[in-house]
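First the structure, in the form of structure tokens, and then the observations on it.
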Amino acid sequence: TRGVSFLVSYTLGHAVDHVSGLNIGGENRPVLPVTIGDEASVERALEIEKGDALFDVRHRFVVSFNAELPGPRDGAMRYVLGGWQLNGIVQAQTGFPFTVIDPVTSIRFLTNRPDVTCDPNEEAPNTVDQWFNTSCFTRRPVAQTAEPGNQGRNIVRGPGFARTDLSFFKNVPLASTHRLQFRVEAFNIFNQTRFN
């Protein structure tokens, strides 16, 4: 209305799978080998690997808008003072899940997942130096590395992010059906960091 429009969307989602990395990369190998024809080993591997997908986003909020700024529509001054437009997209979402690995056991042994003793997302510092509660993880003894740790797949939730893009347009009418448009566009205008 009156040259202003906006679109607001909120998405609540939950994606669960057994492996996401085949399609989008970045996922560790399964913790158990599967023997072809052995249904028990297949079922156990599927049970251990079931978890939040790498692309699981629980909450996503997006607002986009554009506004034609008031100015003269007739006369010579419309070329200078009229035809200005402000546009923007603001988006915010929760972070992606990931699996904590033990780099020592992943090189020498079958599994690379440590044991977990508490919820690493609760009472987490959420700082750049330490995002999740690392005291919830315990390295498995070398003698026990033939079996995976009790940590499920993708149980830690990474940091969310927000971003704001703005643009400023100047429309100059050239004829009844043509116009010239000058644009100034800024992406992530507040320089909001997105950690991986």
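Chain lettering (A, B, ...) mirrors the order of the structure tokens, residue numbering begins at 1 for each chain separately, and ligand numbering begins at 1 in order of display.
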- Message: Going by DSSP on the backbone, which residues of region 32-152 of chain A come out as helix (DSSP H, G or I)? List them as a PyMOL selection string.
- Response: chain A and resi 39-49+78-81+103-108+134-136+142-144
Need to verify the contact set: Ala162 (chain A), 12 Å, only C-alpha atoms, exclusion of same-chain residues closer than 2 positions in sequence. Can you return it as a compact mmCIF listing (two decimals) with C-alpha atoms, in the first residue's frame?
```
# COMPACT_ATOMS: atom_id res chain seq x y z
CA HIS A 59 13.90 -21.92 13.17
CA ARG A 60 14.25 -19.51 10.24
CA PHE A 61 12.81 -16.01 10.09
CA VAL A 62 12.97 -13.77 7.00
CA VAL A 63 11.56 -10.28 6.37
CA ILE A 89 16.11 -8.50 3.43
CA VAL A 90 16.64 -9.44 7.08
CA GLN A 91 17.14 -13.11 7.89
CA ALA A 92 17.92 -15.00 11.07
CA GLN A 93 18.13 -18.70 11.74
CA THR A 94 19.33 -21.26 14.25
CA GLY A 95 22.56 -23.14 13.64
CA PRO A 159 25.80 -21.16 16.20
CA GLY A 160 22.94 -19.50 14.39
CA THR A 164 20.80 -7.87 6.69
CA ASP A 165 20.99 -6.81 3.04
CA PHE A 187 25.15 -7.32 1.51
CA ASN A 188 25.52 -8.23 5.20
CA ILE A 189 25.54 -4.52 5.95
CA PHE A 190 26.14 -4.95 9.71
CA ASN A 191 29.05 -7.34 9.06
CA GLN A 192 27.48 -10.10 11.17
CA THR A 193 29.91 -12.98 11.47
CA ARG A 194 28.78 -16.47 10.53
CA PHE A 195 30.84 -19.16 12.24
```
- Could you give me the residues within region 8-182 of chain A that DSSP places in strand (DSSP E), as an NGL selection string? :A and (8-12 or 16-17 or 51-52 or 59-68 or 84-93 or 97-98 or 115-116 or 137-138 or 156-157 or 161-173 or 179-182)
- Query: Please, what distance in Å, to one decimal, runs between CA of Asn121 (chain A) and CA of Ile155 (chain A)?
  - Reply: 8.4 Å
- Message: Would you pick out the contacts of Gly71 (chain A) at 8 Å or less, using only C-alpha atoms, so that residues sharing its chain but fewer than 5 positions from it are not included, and give the list as a ChimeraX atom specification?
- Response: /A:78,81-84
